[in-house]
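Source file: my_file_13.cif. Holds: mmCIF, C-alpha atoms, pLDDT in the B column; chains and numbers go by the auth columns.
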data_work
#
loop_
_atom_site.group_PDB
_atom_site.id
_atom_site.type_symbol
_atom_site.label_atom_id
_atom_site.label_comp_id
_atom_site.label_asym_id
_atom_site.label_seq_id
_atom_site.Cartn_x
_atom_site.Cartn_y
_atom_site.Cartn_z
_atom_site.B_iso_or_equiv
_atom_site.auth_seq_id
_atom_site.auth_asym_id
ATOM 1 C CA MET A 1 1.564 25.420 -4.675 97.00 574 W
ATOM 2 C CA THR A 2 1.122 22.636 -2.175 97.00 575 W
ATOM 3 C CA ARG A 3 2.425 19.126 -2.866 98.00 576 W
ATOM 4 C CA ALA A 4 1.334 16.008 -1.012 97.00 577 W
ATOM 5 C CA GLU A 5 3.034 12.652 -1.499 97.00 578 W
ATOM 6 C CA ILE A 6 0.854 9.750 -0.404 97.00 579 W
ATOM 7 C CA ASN A 7 2.132 6.206 0.011 95.00 580 W
ATOM 8 C CA ALA A 8 -1.050 4.149 0.273 91.00 581 W
ATOM 9 C CA GLY A 9 0.535 1.216 2.087 88.00 582 W
ATOM 10 C CA ILE A 10 0.630 -2.473 1.286 89.00 583 W
ATOM 11 C CA CYS A 11 -0.789 -1.981 -2.233 92.00 584 W
ATOM 12 C CA GLY A 12 2.447 -0.139 -3.053 93.00 585 W
ATOM 13 C CA PHE A 13 0.698 2.627 -5.000 96.00 586 W
ATOM 14 C CA LYS A 14 2.040 6.131 -4.728 97.00 587 W
ATOM 15 C CA THR A 15 0.053 9.297 -5.386 97.00 588 W
ATOM 16 C CA VAL A 16 1.243 12.895 -5.733 98.00 589 W
ATOM 17 C CA VAL A 17 -1.214 15.766 -5.329 98.00 590 W
ATOM 18 C CA HIS A 18 -0.420 19.276 -6.580 98.00 591 W
ATOM 19 C CA ALA A 19 -2.835 21.910 -5.265 98.00 592 W
ATOM 20 C CA THR A 20 -2.923 25.520 -6.413 98.00 593 W
ATOM 21 C CA THR A 21 -5.403 28.254 -5.607 96.00 594 W
ATOM 22 C CA ASP A 22 -6.754 31.329 -7.321 86.00 595 W
ATOM 23 C CA GLY A 23 -8.159 32.582 -4.040 84.00 596 W
ATOM 24 C CA SER A 24 -11.596 30.974 -3.970 92.00 597 W
ATOM 25 C CA LEU A 25 -11.090 27.535 -5.512 97.00 598 W
ATOM 26 C CA VAL A 26 -8.307 24.970 -5.281 98.00 599 W
ATOM 27 C CA ASN A 27 -7.179 23.320 -8.502 98.00 600 W
ATOM 28 C CA LEU A 28 -5.909 19.764 -8.256 98.00 601 W
ATOM 29 C CA GLU A 29 -3.479 17.759 -10.349 98.00 602 W
ATOM 30 C CA ILE A 30 -3.283 14.197 -9.099 98.00 603 W
ATOM 31 C CA GLU A 31 -0.798 11.621 -10.385 98.00 604 W
ATOM 32 C CA SER A 32 -1.033 8.018 -9.231 97.00 605 W
ATOM 33 C CA ASP A 33 0.080 4.482 -10.029 95.00 606 W
ATOM 34 C CA CYS A 34 -3.406 3.285 -8.994 96.00 607 W
ATOM 35 C CA LYS A 35 -6.020 2.929 -11.750 97.00 608 W
ATOM 36 C CA ALA A 36 -8.844 3.788 -9.309 97.00 609 W
ATOM 37 C CA ILE A 37 -7.109 6.997 -8.220 97.00 610 W
ATOM 38 C CA GLN A 38 -6.413 7.875 -11.858 98.00 611 W
ATOM 39 C CA LYS A 39 -10.193 7.774 -12.467 98.00 612 W
ATOM 40 C CA LEU A 40 -10.775 9.862 -9.349 98.00 613 W
ATOM 41 C CA ALA A 41 -8.164 12.374 -10.574 98.00 614 W
ATOM 42 C CA ALA A 42 -9.876 12.765 -13.936 98.00 615 W
ATOM 43 C CA GLU A 43 -13.075 13.883 -12.211 97.00 616 W
ATOM 44 C CA LEU A 44 -11.692 15.751 -9.191 98.00 617 W
ATOM 45 C CA THR A 45 -9.844 18.697 -10.716 98.00 618 W
ATOM 46 C CA GLN A 46 -11.182 21.594 -8.638 97.00 619 W
ATOM 47 C CA VAL A 47 -12.785 21.995 -5.201 97.00 620 W
ATOM 48 C CA GLU A 48 -14.128 24.675 -2.900 95.00 621 W
ATOM 49 C CA PRO A 49 -11.856 24.553 0.169 95.00 622 W
ATOM 50 C CA PHE A 50 -14.464 25.339 2.825 93.00 623 W
ATOM 51 C CA LYS A 51 -16.696 22.538 1.502 94.00 624 W
ATOM 52 C CA GLU A 52 -13.765 20.109 1.627 94.00 625 W
ATOM 53 C CA ILE A 53 -12.829 20.627 5.264 91.00 626 W
ATOM 54 C CA SER A 54 -16.211 19.933 6.865 88.00 627 W
ATOM 55 C CA THR A 55 -18.906 17.283 6.759 85.00 628 W
ATOM 56 C CA ARG A 56 -21.528 19.436 8.477 86.00 629 W
ATOM 57 C CA ARG A 57 -23.457 20.524 5.357 84.00 630 W
ATOM 58 C CA SER A 58 -22.393 17.929 2.825 89.00 631 W
ATOM 59 C CA MET A 59 -19.767 15.295 2.146 92.00 632 W
ATOM 60 C CA PRO A 60 -16.434 16.672 0.840 96.00 633 W
ATOM 61 C CA ARG A 61 -16.014 15.919 -2.880 96.00 634 W
ATOM 62 C CA SER A 62 -12.690 14.193 -2.206 97.00 635 W
ATOM 63 C CA LEU A 63 -14.456 11.678 0.035 96.00 636 W
ATOM 64 C CA GLU A 64 -17.361 11.295 -2.410 95.00 637 W
ATOM 65 C CA MET A 65 -14.893 10.481 -5.183 96.00 638 W
ATOM 66 C CA GLY A 66 -13.112 8.074 -2.853 96.00 639 W
ATOM 67 C CA VAL A 67 -16.350 6.178 -2.290 96.00 640 W
ATOM 68 C CA LYS A 68 -17.070 6.239 -6.020 96.00 641 W
ATOM 69 C CA TYR A 69 -13.663 5.060 -7.261 96.00 642 W
ATOM 70 C CA CYS A 70 -11.556 3.537 -4.469 94.00 643 W
ATOM 71 C CA THR A 71 -11.930 -0.199 -4.111 90.00 644 W
ATOM 72 C CA HIS A 72 -10.511 -0.184 -0.584 92.00 645 W
ATOM 73 C CA ALA A 73 -12.320 1.651 2.223 92.00 646 W
ATOM 74 C CA ALA A 74 -9.075 2.369 4.099 93.00 647 W
ATOM 75 C CA CYS A 75 -7.396 4.120 1.152 95.00 648 W
ATOM 76 C CA PRO A 76 -5.660 7.226 2.583 95.00 649 W
ATOM 77 C CA VAL A 77 -5.587 9.126 -0.724 97.00 650 W
ATOM 78 C CA PRO A 78 -8.909 11.033 -0.354 97.00 651 W
ATOM 79 C CA VAL A 79 -7.860 12.310 3.076 96.00 652 W
ATOM 80 C CA GLY A 80 -4.430 13.225 1.709 97.00 653 W
ATOM 81 C CA ILE A 81 -6.136 15.291 -0.989 98.00 654 W
ATOM 82 C CA ILE A 82 -8.146 17.138 1.656 97.00 655 W
ATOM 83 C CA LYS A 83 -4.981 17.846 3.663 97.00 656 W
ATOM 84 C CA ALA A 84 -3.339 19.350 0.550 98.00 657 W
ATOM 85 C CA VAL A 85 -6.430 21.500 -0.071 97.00 658 W
ATOM 86 C CA GLU A 86 -6.396 22.738 3.541 96.00 659 W
ATOM 87 C CA VAL A 87 -2.765 23.794 3.334 97.00 660 W
ATOM 88 C CA GLU A 88 -3.099 25.441 -0.087 97.00 661 W
ATOM 89 C CA ALA A 89 -6.173 27.418 1.064 96.00 662 W
ATOM 90 C CA ARG A 90 -4.311 28.455 4.239 96.00 663 W
ATOM 91 C CA LEU A 91 -6.815 26.672 6.450 95.00 664 W
ATOM 92 C CA ALA A 92 -4.086 24.516 8.025 96.00 665 W
ATOM 93 C CA LEU A 93 -0.335 24.607 8.435 96.00 666 W
ATOM 94 C CA PRO A 94 1.750 22.114 6.472 96.00 667 W
ATOM 95 C CA SER A 95 2.535 19.116 8.631 95.00 668 W
ATOM 96 C CA ASP A 96 3.060 15.436 7.860 94.00 669 W
ATOM 97 C CA VAL A 97 0.321 12.991 8.757 93.00 670 W
ATOM 98 C CA THR A 98 1.223 9.420 9.677 91.00 671 W
ATOM 99 C CA ILE A 99 -0.543 6.223 10.522 90.00 672 W
ATOM 100 C CA LYS A 100 1.802 3.606 11.961 89.00 673 W
ATOM 101 C CA ILE A 101 0.518 0.051 11.840 89.00 674 W
ATOM 102 C CA SER A 102 2.026 -2.809 13.784 90.00 675 W
ATOM 103 C CA LYS A 103 0.831 -6.216 14.875 91.00 676 W
ATOM 104 C CA SER A 104 2.233 -8.189 17.746 92.00 677 W
ATOM 105 C CA GLU A 105 2.071 -11.934 17.914 86.00 678 W
ATOM 106 C CA GLU A 106 0.628 -13.054 21.235 75.00 679 W
#

Reformat the file's structure so that it appears as structure tokens.
Amino acid sequence: MTRAEINAGICGFKTVVHATTDGSLVNLEIESDCKAIQKLAAELTQVEPFKEISTRRSMPRSLEMGVKYCTHAACPVPVGIIKAVEVEARLALPSDVTIKISKSEE
């Protein structure tokens, strides 16, 4: 099982993704404080890993659901879901992803 903890930022919402595989599909259990992500989680329960890691043939379902449910375009949760899928399907090694934001006053 792969677990991803996603802190979305200034909204304060936290999401936990549990990904498990049976070999060809990745099953997802997504828990979140965010109502939009809760709706996404209800619909996104299983994905095909190779379809999730590329945009060449079609949009990954995680990103489609992000567009459908997330009210904020910069929400990192859909990408976090894809990272969990990659690791669970052994298409990537587990490694933290960070975006550091700072603003200087000039």

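Running the PyMOL selection byres ((chain W and resi 623-637) around 8) on this file leaves Leu617, Val620, Glu621, Pro622, Met638, Gly639, Val640, Lys641, Pro651, Val652, Ile654, Ile655, Val658 and Glu659 of chain W selected.
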
Let me have the centre and edge lengths of the axis-aligned box enclosing all listed atoms of stretch 616-632 of chain W with 6 Å padding on every side, in Å to one decimal, as AutoDock Vina command-line options.
--center_x -16.7 --center_y 19.6 --center_z -1.9 --size_x 25.6 --size_y 23.5 --size_z 32.7

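Residue nearest W:Thr671, chosen from W:Ala615, W:Ala657, W:Cys643, W:Ile579 and counting all atoms listed in the file: W:Ile579.
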
**Asked** Once the PyMOL selection byres ((chain W and resi 587) around 10) has been applied to the shown file, what residues remain in the selection, as a list in words?
**Response** Glu578, Ile579, Asn580, Ala581, Gly582, Cys584, Gly585, Phe586, Thr588, Val589, Glu604, Ser605, Asp606, Cys607, Ile610 and Val650 of chain W

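Across the chains present, the PyMOL selection byres ((chain W and resi 574) around 6) applied to this file returns Thr575, Ala592 and Thr593 of chain W.
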
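Of the residues listed (W:Glu678, W:Cys648, W:Thr618, W:Lys673), W:Thr618 shows the shortest atom-to-atom separation from W:Thr594; distances use all atoms listed in the file.
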
**Prompt:** Near W:Gln619, within 8 Å and counting all atoms listed in the file, which residues show up once chain neighbours fewer than 4 positions away are dropped, as a ChimeraX atom specification?
**Reply:** /W:598-601

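Note that the spacing between atom CA of W:His591 and atom CA of W:Arg576 amounts to 4.7 Å.
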
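In this model, the gap between atom CA of W:Gln611 and atom CA of W:Val590 comes to 11.5 Å.
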